[in-house]
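> Input file: entry.cif. Contents: mmCIF, C-alpha atoms.
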```cif
data_coords
#
loop_
_atom_site.label_atom_id
_atom_site.label_comp_id
_atom_site.auth_asym_id
_atom_site.auth_seq_id
_atom_site.Cartn_x
_atom_site.Cartn_y
_atom_site.Cartn_z
CA MET A 1 0.00 0.00 0.00
CA ALA A 2 1.42 3.38 -0.99
CA LEU A 3 1.14 5.93 1.81
CA ILE A 4 0.85 9.63 1.13
CA ASN A 5 3.33 12.17 2.47
CA GLU A 6 0.97 13.55 5.09
CA HIS A 7 2.99 16.74 5.45
CA PHE A 8 1.28 17.92 2.25
CA LEU A 9 -2.03 17.78 4.11
CA LYS A 10 -0.78 20.54 6.41
CA LEU A 11 -0.50 23.01 3.54
CA SER A 12 -3.29 25.39 2.65
CA LYS A 13 -5.27 24.06 -0.31
CA ASN A 14 -3.90 26.65 -2.73
CA TYR A 15 -0.71 28.64 -3.13
CA LEU A 16 -1.28 32.34 -2.25
CA PHE A 17 -1.33 33.55 -5.84
CA ALA A 18 -3.70 30.77 -6.89
CA ASP A 19 -6.16 32.05 -4.25
CA ILE A 20 -5.83 35.57 -5.64
CA ALA A 21 -6.41 34.34 -9.20
CA LYS A 22 -9.59 32.51 -8.14
CA LYS A 23 -11.02 35.62 -6.46
CA VAL A 24 -10.16 37.78 -9.46
CA ASN A 25 -11.79 35.28 -11.82
CA VAL A 26 -14.97 35.32 -9.73
CA TYR A 27 -15.06 39.10 -10.10
CA LYS A 28 -14.46 38.92 -13.87
CA VAL A 29 -17.28 36.42 -14.37
CA ALA A 30 -19.68 38.68 -12.48
CA HIS A 31 -18.41 41.84 -14.24
CA PRO A 32 -17.45 40.75 -17.78
CA LYS A 33 -17.20 44.32 -19.09
CA SER A 34 -14.74 45.49 -16.45
CA ARG A 35 -11.02 45.64 -17.22
CA VAL A 36 -9.05 44.52 -14.19
CA ILE A 37 -5.50 45.85 -13.74
CA SER A 38 -3.07 43.80 -11.64
CA LEU A 39 -0.47 45.47 -9.46
CA GLY A 40 -0.27 42.33 -7.38
CA ILE A 41 1.44 39.34 -8.93
CA GLY A 42 5.09 39.95 -9.69
CA ASP A 43 5.26 38.91 -13.32
CA VAL A 44 7.09 41.18 -15.74
CA THR A 45 5.56 42.89 -18.77
CA GLN A 46 8.45 44.40 -20.75
CA PRO A 47 9.88 42.38 -23.67
CA LEU A 48 13.26 40.72 -23.51
CA ALA A 49 16.30 42.82 -24.31
CA PRO A 50 17.27 42.79 -28.03
CA ALA A 51 20.67 41.32 -27.11
CA VAL A 52 18.90 38.42 -25.42
CA ILE A 53 16.59 37.84 -28.37
CA GLU A 54 19.56 37.79 -30.75
CA ALA A 55 21.41 35.31 -28.56
CA MET A 56 18.37 33.03 -28.39
CA HIS A 57 17.96 33.11 -32.17
CA ASN A 58 21.61 32.20 -32.58
CA ALA A 59 21.23 29.39 -30.05
CA VAL A 60 18.21 28.02 -31.90
CA ASP A 61 20.25 28.11 -35.12
CA ASP A 62 22.95 26.13 -33.30
CA MET A 63 20.41 23.44 -32.52
CA ALA A 64 19.54 23.17 -36.24
CA THR A 65 22.94 21.81 -37.29
CA SER A 66 24.77 18.63 -36.37
CA GLU A 67 27.99 20.58 -35.90
CA HIS A 68 26.61 22.93 -33.24
CA PHE A 69 23.76 20.88 -31.77
CA HIS A 70 23.65 20.64 -27.95
CA GLY A 71 22.02 17.78 -26.07
CA TYR A 72 22.39 17.26 -22.35
CA GLY A 73 24.57 20.00 -20.92
CA PRO A 74 26.59 20.04 -17.70
CA GLU A 75 24.27 19.73 -14.69
CA ASN A 76 26.02 22.71 -13.08
CA GLY A 77 25.69 24.85 -16.20
CA TYR A 78 28.00 25.71 -19.07
CA LEU A 79 31.37 27.06 -17.98
CA TRP A 80 31.08 30.13 -20.25
CA LEU A 81 27.99 31.31 -18.36
CA ARG A 82 29.43 30.56 -14.92
CA GLU A 83 32.58 32.49 -15.84
CA ALA A 84 30.47 35.43 -17.07
CA ILE A 85 28.59 35.45 -13.75
CA VAL A 86 31.81 35.50 -11.73
CA LYS A 87 33.29 38.25 -13.91
CA ASN A 88 30.24 40.52 -13.93
CA ASP A 89 28.22 39.91 -10.77
CA PHE A 90 30.99 39.39 -8.23
CA LEU A 91 34.47 40.59 -9.25
CA PRO A 92 33.35 44.25 -9.64
CA ARG A 93 32.33 44.14 -5.96
CA GLY A 94 35.63 42.64 -4.84
CA ILE A 95 34.11 39.17 -4.34
CA ARG A 96 36.15 36.19 -5.47
CA ILE A 97 33.94 33.29 -6.49
CA ASP A 98 35.20 30.24 -8.38
CA PRO A 99 33.02 29.10 -11.31
CA SER A 100 32.80 25.66 -9.66
CA GLU A 101 30.88 27.33 -6.83
CA VAL A 102 28.15 28.52 -9.25
CA PHE A 103 25.23 26.24 -10.14
CA ILE A 104 22.95 27.30 -13.01
CA ASN A 105 19.25 26.51 -12.44
CA ASP A 106 15.86 27.09 -14.03
CA GLY A 107 15.04 29.97 -11.70
CA ALA A 108 15.66 30.77 -8.05
CA LYS A 109 12.31 29.36 -6.91
CA SER A 110 13.44 25.80 -7.61
CA ASP A 111 16.65 26.00 -5.64
CA THR A 112 15.24 27.98 -2.71
CA GLY A 113 12.59 25.29 -2.42
CA ASN A 114 15.01 22.37 -2.78
CA ILE A 115 18.01 23.64 -0.82
CA GLY A 116 16.66 22.19 2.44
CA GLU A 117 17.64 18.75 1.17
CA LEU A 118 21.24 19.57 2.08
CA VAL A 119 20.56 19.46 5.81
CA ARG A 120 18.67 17.17 8.19
CA TRP A 121 14.89 17.41 8.35
CA ASP A 122 15.03 18.26 12.07
CA ASN A 123 17.27 21.33 11.73
CA SER A 124 15.69 24.37 13.35
CA MET A 125 14.90 27.33 11.13
CA ALA A 126 14.23 31.06 11.34
CA VAL A 127 12.48 33.27 8.81
CA THR A 128 11.77 36.95 8.55
CA ASP A 129 8.06 37.70 8.83
CA PRO A 130 6.52 38.57 6.35
CA ILE A 131 8.28 36.21 3.96
CA TYR A 132 8.12 34.72 0.45
CA PRO A 133 5.79 31.70 0.97
CA VAL A 134 8.04 29.16 -0.81
CA TYR A 135 10.59 29.23 2.01
CA ILE A 136 8.11 27.93 4.56
CA ASP A 137 5.90 25.79 2.30
CA SER A 138 8.88 23.78 1.04
CA ASN A 139 9.86 23.04 4.65
CA VAL A 140 6.30 22.07 5.51
CA MET A 141 6.47 19.48 2.73
CA ASN A 142 9.48 17.74 4.26
CA GLY A 143 8.19 17.89 7.83
CA ARG A 144 10.63 20.47 9.14
CA ALA A 145 8.08 23.22 9.91
CA GLY A 146 5.99 21.30 12.45
CA THR A 147 2.29 22.08 12.83
CA LEU A 148 0.32 25.23 12.07
CA GLY A 149 -1.04 27.09 15.09
CA ALA A 150 -4.14 29.24 15.41
CA ASP A 151 -1.89 32.31 15.22
CA GLY A 152 -0.82 31.35 11.69
CA LYS A 153 2.67 30.31 12.80
CA TRP A 154 4.36 26.94 12.39
CA SER A 155 5.51 25.31 15.61
CA ASN A 156 9.11 24.59 14.56
CA VAL A 157 9.75 27.93 12.86
CA THR A 158 11.21 30.99 14.56
CA TYR A 159 9.49 34.10 13.18
CA LEU A 160 11.48 37.34 13.09
CA ALA A 161 8.94 40.13 12.83
CA CYS A 162 9.59 42.97 10.39
CA ASN A 163 7.22 45.82 11.09
CA GLU A 164 6.94 49.57 11.58
CA GLU A 165 8.17 49.32 15.17
CA ASN A 166 11.58 47.94 14.11
CA HIS A 167 11.64 49.80 10.78
CA PHE A 168 11.32 46.43 9.01
CA ILE A 169 14.77 45.38 10.19
CA PRO A 170 14.57 41.89 11.75
CA SER A 171 16.12 41.27 15.14
CA LEU A 172 18.53 38.40 15.63
CA PRO A 173 16.98 35.24 17.09
CA GLN A 174 17.01 35.02 20.87
CA HIS A 175 18.17 31.41 20.68
CA ARG A 176 20.30 29.24 18.45
CA VAL A 177 18.88 28.19 15.06
CA ASP A 178 20.39 26.05 12.30
CA MET A 179 18.92 27.64 9.16
CA ILE A 180 18.10 31.28 8.42
CA TYR A 181 16.20 32.56 5.38
CA LEU A 182 16.95 36.15 4.34
CA CYS A 183 15.72 37.92 1.19
CA TYR A 184 17.15 41.36 0.39
CA PRO A 185 16.02 43.52 -1.28
CA ASN A 186 13.01 42.04 0.43
CA ASN A 187 9.99 40.40 -1.08
CA PRO A 188 7.36 41.49 -0.06
CA THR A 189 8.27 44.67 1.86
CA GLY A 190 10.72 46.15 -0.64
CA MET A 191 13.11 47.06 2.18
CA VAL A 192 16.88 46.54 2.26
CA LEU A 193 19.65 45.82 4.78
CA THR A 194 22.80 47.90 5.16
CA LYS A 195 26.19 46.23 5.33
CA GLU A 196 26.22 46.87 9.08
CA GLU A 197 22.91 45.05 9.56
CA LEU A 198 23.90 42.19 7.26
CA ARG A 199 27.20 41.83 9.12
CA LYS A 200 25.23 41.08 12.31
CA TRP A 201 23.62 38.12 10.58
CA VAL A 202 26.89 36.75 9.27
CA ASN A 203 28.44 37.03 12.73
CA PHE A 204 25.41 35.31 14.28
CA ALA A 205 25.60 32.46 11.78
CA LEU A 206 29.34 31.98 12.31
CA HIS A 207 28.94 32.01 16.09
CA ASN A 208 26.05 29.54 16.04
CA ASP A 209 27.31 27.34 13.20
CA ALA A 210 24.17 28.15 11.22
CA ILE A 211 23.58 28.46 7.47
CA ILE A 212 22.07 31.56 5.88
CA PHE A 213 20.00 31.02 2.74
CA PHE A 214 20.28 34.45 1.13
CA ASP A 215 17.89 35.26 -1.71
CA ALA A 216 19.36 38.09 -3.80
CA ALA A 217 16.84 37.81 -6.64
CA TYR A 218 16.17 41.56 -6.70
CA HIS A 219 19.70 42.90 -6.25
CA ALA A 220 19.68 44.56 -9.69
CA TYR A 221 17.02 47.01 -8.46
CA ILE A 222 19.23 48.50 -5.74
CA GLN A 223 19.71 52.21 -6.42
CA ASP A 224 21.74 53.10 -3.31
CA ASP A 225 25.44 52.30 -3.74
CA ARG A 226 25.80 51.77 0.02
CA ILE A 227 23.47 48.75 0.00
CA PRO A 228 25.14 45.34 -0.50
CA HIS A 229 24.16 43.35 -3.60
CA SER A 230 25.56 40.10 -2.23
CA ILE A 231 26.01 38.64 1.24
CA TYR A 232 29.56 37.77 0.18
CA GLU A 233 30.42 41.46 0.47
CA ILE A 234 30.52 40.68 4.20
CA LYS A 235 33.70 39.09 5.54
CA GLY A 236 33.16 35.51 6.64
CA ALA A 237 29.98 34.95 4.65
CA ARG A 238 31.61 32.34 2.43
CA LYS A 239 31.74 30.07 5.49
CA CYS A 240 28.07 30.39 6.40
CA ALA A 241 25.90 31.44 3.43
CA ILE A 242 24.34 30.11 0.23
CA GLU A 243 23.15 32.78 -2.22
CA PHE A 244 20.39 32.59 -4.83
CA HIS A 245 20.09 34.71 -7.96
CA SER A 246 17.44 34.92 -10.65
CA TYR A 247 17.19 36.45 -14.11
CA SER A 248 13.38 36.51 -13.87
CA LYS A 249 13.07 40.09 -12.66
CA THR A 250 16.60 41.22 -13.58
CA ALA A 251 16.14 40.52 -17.29
CA GLY A 252 12.50 39.50 -17.73
CA PHE A 253 13.19 35.75 -17.76
CA THR A 254 9.95 34.67 -16.05
CA GLY A 255 9.07 32.76 -19.24
CA ILE A 256 12.64 31.73 -20.09
CA ARG A 257 13.62 30.24 -16.70
CA CYS A 258 17.22 30.71 -15.66
CA GLY A 259 19.07 31.67 -12.50
CA TYR A 260 21.93 30.44 -10.36
CA THR A 261 22.93 29.44 -6.85
CA VAL A 262 26.31 30.02 -5.22
CA ILE A 263 27.58 27.45 -2.73
CA PRO A 264 31.11 28.32 -1.60
CA LYS A 265 33.54 25.47 -1.03
CA ALA A 266 34.32 26.94 2.39
CA LEU A 267 30.76 26.24 3.56
CA SER A 268 30.38 23.05 5.59
CA ALA A 269 28.07 21.30 8.03
CA ILE A 270 28.73 18.75 10.77
CA ASN A 271 27.48 15.19 11.02
CA MET A 272 25.11 13.95 13.73
CA ASP A 273 27.73 12.83 16.26
CA GLY A 274 29.84 15.94 15.71
CA SER A 275 32.87 13.98 14.59
CA LYS A 276 33.34 15.38 11.10
CA ARG A 277 32.50 18.36 8.89
CA TYR A 278 31.47 18.03 5.25
CA ALA A 279 31.68 20.63 2.50
CA LEU A 280 28.22 21.22 1.04
CA ASN A 281 29.34 22.19 -2.46
CA PRO A 282 29.99 18.59 -3.61
CA PHE A 283 26.77 17.44 -1.92
CA TRP A 284 24.74 19.90 -4.01
CA GLU A 285 26.63 18.89 -7.14
CA ARG A 286 25.71 15.27 -6.41
CA ARG A 287 22.09 16.25 -5.78
CA GLN A 288 21.88 18.19 -9.05
CA SER A 289 23.49 15.38 -11.02
CA THR A 290 20.82 13.03 -9.69
CA LYS A 291 17.70 15.20 -9.89
CA PHE A 292 18.42 17.85 -12.53
CA ASN A 293 19.50 17.57 -16.15
CA GLY A 294 20.58 21.17 -16.42
CA THR A 295 19.06 24.39 -17.75
CA SER A 296 18.51 24.50 -21.50
CA TYR A 297 21.34 25.62 -23.77
CA ILE A 298 19.07 28.30 -25.28
CA SER A 299 18.21 29.78 -21.86
CA GLN A 300 21.86 29.86 -20.83
CA ARG A 301 22.91 31.62 -24.03
CA ALA A 302 20.13 34.14 -23.32
CA ALA A 303 21.49 34.69 -19.81
CA GLU A 304 25.04 35.11 -21.09
CA ALA A 305 23.83 37.90 -23.39
CA ILE A 306 22.77 40.16 -20.52
CA TYR A 307 26.44 40.51 -19.59
CA SER A 308 27.42 41.91 -23.00
CA PRO A 309 27.90 45.70 -23.14
CA GLU A 310 24.67 46.20 -25.08
CA GLY A 311 22.86 43.65 -22.92
CA LYS A 312 23.81 45.47 -19.73
CA GLU A 313 22.57 48.76 -21.14
CA GLN A 314 19.29 47.30 -22.35
CA VAL A 315 18.57 45.45 -19.10
CA LYS A 316 19.29 48.59 -17.09
CA ALA A 317 16.81 50.52 -19.22
CA THR A 318 14.10 47.99 -18.40
CA ILE A 319 14.91 48.12 -14.68
CA ASP A 320 14.78 51.92 -14.82
CA TYR A 321 11.35 51.63 -16.46
CA TYR A 322 10.02 49.51 -13.60
CA MET A 323 11.61 51.73 -10.97
CA GLU A 324 9.92 54.76 -12.52
CA ASN A 325 6.63 52.88 -12.12
CA ALA A 326 7.55 52.32 -8.48
CA ARG A 327 8.24 56.03 -7.99
CA MET A 328 4.86 56.94 -9.49
CA ILE A 329 3.02 54.44 -7.31
CA ARG A 330 4.85 55.49 -4.14
CA GLU A 331 4.36 59.23 -4.64
CA THR A 332 0.70 58.94 -5.69
CA LEU A 333 -0.23 56.77 -2.72
CA HIS A 334 1.63 59.12 -0.36
CA LYS A 335 -0.44 62.01 -1.70
CA LEU A 336 -3.58 60.00 -1.03
CA GLY A 337 -2.56 59.70 2.62
CA LEU A 338 -1.44 56.08 2.58
CA THR A 339 1.69 54.86 4.33
CA VAL A 340 4.04 53.25 1.81
CA TYR A 341 7.35 51.44 2.29
CA GLY A 342 9.79 50.07 -0.27
CA GLY A 343 9.83 50.92 -3.95
CA GLU A 344 13.17 52.75 -3.72
CA ASN A 345 15.64 49.87 -3.96
CA ALA A 346 13.19 47.17 -4.97
CA PRO A 347 10.27 46.65 -7.38
CA TYR A 348 7.88 46.01 -4.48
CA LEU A 349 5.86 48.47 -2.40
CA TRP A 350 4.43 47.60 1.01
CA VAL A 351 1.28 49.60 1.68
CA LYS A 352 -0.42 49.91 5.05
CA THR A 353 -4.16 49.45 4.79
CA PRO A 354 -6.19 52.47 5.97
CA LYS A 355 -8.18 52.46 9.20
CA GLY A 356 -6.87 49.06 10.27
CA ILE A 357 -8.71 47.20 7.51
CA SER A 358 -7.55 43.57 7.17
CA SER A 359 -5.38 42.63 4.20
CA TRP A 360 -7.99 40.47 2.46
CA LYS A 361 -10.79 42.96 3.06
CA PHE A 362 -8.74 45.76 1.50
CA PHE A 363 -7.88 43.43 -1.41
CA GLU A 364 -11.58 42.88 -2.07
CA GLU A 365 -12.50 46.54 -1.63
CA LEU A 366 -9.77 47.61 -4.05
CA LEU A 367 -10.81 44.96 -6.57
CA TYR A 368 -14.51 45.79 -6.47
CA GLY A 369 -14.05 49.53 -6.00
CA ALA A 370 -11.25 50.29 -8.44
CA GLN A 371 -10.81 47.04 -10.40
CA VAL A 372 -7.18 46.91 -9.27
CA VAL A 373 -5.49 43.80 -7.88
CA CYS A 374 -3.01 43.85 -4.99
CA THR A 375 -1.55 41.02 -2.89
CA PRO A 376 -2.84 40.68 0.71
CA GLY A 377 0.09 41.06 3.07
CA VAL A 378 -1.11 38.37 5.48
CA GLY A 379 -0.45 35.84 2.72
CA PHE A 380 3.26 36.41 3.41
CA GLY A 381 2.96 35.70 7.14
CA PRO A 382 1.28 36.91 10.34
CA SER A 383 3.23 40.19 10.44
CA GLY A 384 1.88 40.99 6.97
CA GLU A 385 -1.62 41.53 8.30
CA GLY A 386 -2.76 45.10 7.75
CA TYR A 387 -0.62 45.53 4.63
CA VAL A 388 -0.83 44.80 0.91
CA ARG A 389 1.95 44.38 -1.62
CA LEU A 390 2.02 46.24 -4.92
CA THR A 391 4.51 45.61 -7.72
CA SER A 392 5.94 47.96 -10.33
CA PHE A 393 6.13 45.37 -13.12
CA GLY A 394 3.09 46.59 -15.06
CA GLN A 395 2.92 48.51 -18.31
CA ARG A 396 3.29 52.27 -17.77
CA GLU A 397 -0.20 53.05 -19.07
CA ASP A 398 -1.70 50.37 -16.79
CA CYS A 399 0.11 51.81 -13.77
CA GLU A 400 -1.14 55.28 -14.62
CA GLU A 401 -4.69 54.04 -15.13
CA ALA A 402 -4.59 52.01 -11.90
CA LEU A 403 -3.38 55.01 -9.92
CA HIS A 404 -6.12 57.18 -11.46
CA ARG A 405 -8.73 54.62 -10.48
CA ILE A 406 -7.36 54.31 -6.94
CA SER A 407 -7.33 58.11 -6.59
CA MET A 408 -10.94 58.43 -7.72
CA TRP A 409 -12.02 55.51 -5.53
CA MET A 410 -10.37 56.87 -2.39
CA LYS A 411 -11.78 60.35 -2.96
#
```
Rewrite the structure from the file as structure tokens, please.

Amino acid sequence: MALINEHFLKLSKNYLFADIAKKVNVYKVAHPKSRVISLGIGDVTQPLAPAVIEAMHNAVDDMATSEHFHGYGPENGYLWLREAIVKNDFLPRGIRIDPSEVFINDGAKSDTGNIGELVRWDNSMAVTDPIYPVYIDSNVMNGRAGTLGADGKWSNVTYLACNEENHFIPSLPQHRVDMIYLCYPNNPTGMVLTKEELRKWVNFALHNDAIIFFDAAYHAYIQDDRIPHSIYEIKGARKCAIEFHSYSKTAGFTGIRCGYTVIPKALSAINMDGSKRYALNPFWERRQSTKFNGTSYISQRAAEAIYSPEGKEQVKATIDYYMENARMIRETLHKLGLTVYGGENAPYLWVKTPKGISSWKFFEELLYGAQVVCTPGVGFGPSGEGYVRLTSFGQREDCEEALHRISMWMK
């Protein structure tokens, strides 16, 4: 008799964004003539950079000839892309990463969800709250999170509140933990950590022999030169941190699927009886060789193209486009009397609901009152209650129309 993994039964029936889609579809069925504008789900809208398109066309042409055809590629990714990553994403910041420490994937979501396989199921974990749901849900699936309480918190998870009282800067855990999830620039709040704040986390991890899983998917949106783009800008981080990167929002690859994970060779974990330490880099290489056949050749050639001189310029123009959307949203909502965080070094804006309205109630009022979609903050964790997340990834005319509707609705 095959027995189900009962940890799946602990999960909510739908992923957060599936719940949002269902509610929006209900509205559309009841109001077929209304045009709904989404400022909620973080998909991109701008086309791929011309340099990327050219590279993909060339890669497709390669696949059309016996001489240049590519079948299975290296599980870790082609060396030419890993070398381009090291040269462009790390060396300019004084970070020395070896290409063998870079693992190409099909987007950061996969690796952030799978990375828990490197450590025992009973390792303790801490997360910032609110948080990207995948971090917790993936640990629920393997039994690490425990059981869900009436307060919306999992019993084996340490929640580090990020709220107005602490200026959305999480405090260090009051006790030892084994795993720490950090995402900066942050999804969903759009806030960032200074080098001084990030250094506290590295020191904590080194002192407690913990591992930091650092999601840097939105680093390309940082506008302030003082804000770190990588945790490896902090001394000692190579011994305690794994870093995730994505081209989804950096270069519009949500439909192309490509990203990478960095696992330094200096990072290790101890066995159960404490007798020996093991480097995690070869463990992840073994895991990938077993469970992953590598990212497509075409996607990797597309990723390589963003590091060309013209690719860099074109990608920056798209990021500037989205950040201008963020500026418009932030300034308009401020004028309407709403409290808004983020949107300065990230494509996300964290908006406090007026008059203490719950996240889901404000979502529904905004949908039915202005035909605009946001993301309820409570979907990202208990500390997200009373907030909604907006994104700047829409078309300019849609952002302008959405802001006009919101202004008229609130007045």
> So what do you get for atom CA of Ile242 of chain A versus atom CA of Leu9 of chain A, distance-wise?
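Between atom CA of Ile242 of chain A and atom CA of Leu9 of chain A the gap is 29.4 Å.
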> Applying 12 Å and all atoms listed in the file, which residues near Ile136 of chain A remain after dropping the ones on its own chain fewer than 3 positions away? List them as a PDB file with C-alpha atoms, in the frame of the given file.

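Once everything was written out, this is out30.pdb:
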```
ATOM      1  CA  LYS A  10      -0.780  20.540   6.410  1.00  0.00           C
ATOM      2  CA  LEU A  11      -0.500  23.010   3.540  1.00  0.00           C
ATOM      3  CA  SER A  12      -3.290  25.390   2.650  1.00  0.00           C
ATOM      4  CA  TYR A  15      -0.710  28.640  -3.130  1.00  0.00           C
ATOM      5  CA  THR A 112      15.240  27.980  -2.710  1.00  0.00           C
ATOM      6  CA  GLY A 113      12.590  25.290  -2.420  1.00  0.00           C
ATOM      7  CA  ASN A 114      15.010  22.370  -2.780  1.00  0.00           C
ATOM      8  CA  GLY A 116      16.660  22.190   2.440  1.00  0.00           C
ATOM      9  CA  MET A 125      14.900  27.330  11.130  1.00  0.00           C
ATOM     10  CA  ALA A 126      14.230  31.060  11.340  1.00  0.00           C
ATOM     11  CA  VAL A 127      12.480  33.270   8.810  1.00  0.00           C
ATOM     12  CA  THR A 128      11.770  36.950   8.550  1.00  0.00           C
ATOM     13  CA  ASP A 129       8.060  37.700   8.830  1.00  0.00           C
ATOM     14  CA  PRO A 130       6.520  38.570   6.350  1.00  0.00           C
ATOM     15  CA  ILE A 131       8.280  36.210   3.960  1.00  0.00           C
ATOM     16  CA  TYR A 132       8.120  34.720   0.450  1.00  0.00           C
ATOM     17  CA  PRO A 133       5.790  31.700   0.970  1.00  0.00           C
ATOM     18  CA  ASN A 139       9.860  23.040   4.650  1.00  0.00           C
ATOM     19  CA  VAL A 140       6.300  22.070   5.510  1.00  0.00           C
ATOM     20  CA  MET A 141       6.470  19.480   2.730  1.00  0.00           C
ATOM     21  CA  ASN A 142       9.480  17.740   4.260  1.00  0.00           C
ATOM     22  CA  GLY A 143       8.190  17.890   7.830  1.00  0.00           C
ATOM     23  CA  ARG A 144      10.630  20.470   9.140  1.00  0.00           C
ATOM     24  CA  ALA A 145       8.080  23.220   9.910  1.00  0.00           C
ATOM     25  CA  GLY A 146       5.990  21.300  12.450  1.00  0.00           C
ATOM     26  CA  THR A 147       2.290  22.080  12.830  1.00  0.00           C
ATOM     27  CA  LEU A 148       0.320  25.230  12.070  1.00  0.00           C
ATOM     28  CA  GLY A 152      -0.820  31.350  11.690  1.00  0.00           C
ATOM     29  CA  LYS A 153       2.670  30.310  12.800  1.00  0.00           C
ATOM     30  CA  TRP A 154       4.360  26.940  12.390  1.00  0.00           C
ATOM     31  CA  SER A 155       5.510  25.310  15.610  1.00  0.00           C
ATOM     32  CA  ASN A 156       9.110  24.590  14.560  1.00  0.00           C
ATOM     33  CA  VAL A 157       9.750  27.930  12.860  1.00  0.00           C
ATOM     34  CA  THR A 158      11.210  30.990  14.560  1.00  0.00           C
ATOM     35  CA  TYR A 159       9.490  34.100  13.180  1.00  0.00           C
ATOM     36  CA  MET A 179      18.920  27.640   9.160  1.00  0.00           C
ATOM     37  CA  ILE A 180      18.100  31.280   8.420  1.00  0.00           C
ATOM     38  CA  TYR A 181      16.200  32.560   5.380  1.00  0.00           C
ATOM     39  CA  GLY A 379      -0.450  35.840   2.720  1.00  0.00           C
ATOM     40  CA  PHE A 380       3.260  36.410   3.410  1.00  0.00           C
ATOM     41  CA  GLY A 381       2.960  35.700   7.140  1.00  0.00           C
TER      42      GLY A 381
END
```
> Of the residues A:Trp284, A:Trp350, A:Trp360, A:Tyr221, which is the one nearest to Asp320 of chain A, using only C-alpha atoms?
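Smallest separation from Asp320 of chain A among the options: A:Tyr221.
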> Which residues, written as a ChimeraX atom specification, have at least one atom at most 12 Å from Gly71 of chain A, with only C-alpha atoms counted and residues fewer than 2 positions away on the same chain left out?
/A:62-69,73-75,293-298
> Here is a test: counting all atoms listed in the file, which residue of A:Glu310, A:Asp61, A:Asp215, A:Glu196 is nearest to Ala108 of chain A?
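Checking each candidate against Ala108 of chain A, we get A:Asp215 as the closest.
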> Quick one: of A:Phe363, A:Tyr348, A:Phe17, A:Phe253, who's nearest to Leu390 of chain A, counting only C-alpha atoms?
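Nearest candidate to Leu390 of chain A out of A:Phe363, A:Tyr348, A:Phe17, A:Phe253: A:Tyr348.
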> Name the closest residue to Glu101 of chain A among the candidates A:Leu16, A:Ala269, A:Leu79, A:Cys374; distances are taken between atoms, counting all atoms listed in the file.
A:Leu79
> Have a look at atom CA of Trp121 of chain A and atom CA of Asn281 of chain A and let me know their distance in Å, one decimal.
18.7 Å
> Find the residue from A:Arg405, A:Lys109, A:Lys195, A:Lys312 that sits nearest to Leu367 of chain A; use only C-alpha atoms when measuring.
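Closest candidate: A:Arg405.
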> Need to verify the contact set: segment 328-332 of chain A, 12 Å, all atoms listed in the file, exclusion of same-chain residues closer than 2 positions in sequence. Can you return it as an MDAnalysis selection string?
chainID A and resid 39 190 321:326 334:344 346:352 389:394 396:408 410
> Rounded to one decimal place, report the atom CA of Ser124 of chain A-atom CA of Ile211 of chain A distance in Å.
10.7 Å
> For Phe213 of chain A, which residue out of A:His245, A:His229, A:His7, A:His31 is the nearest one, using all atoms listed in the file?
A:His245
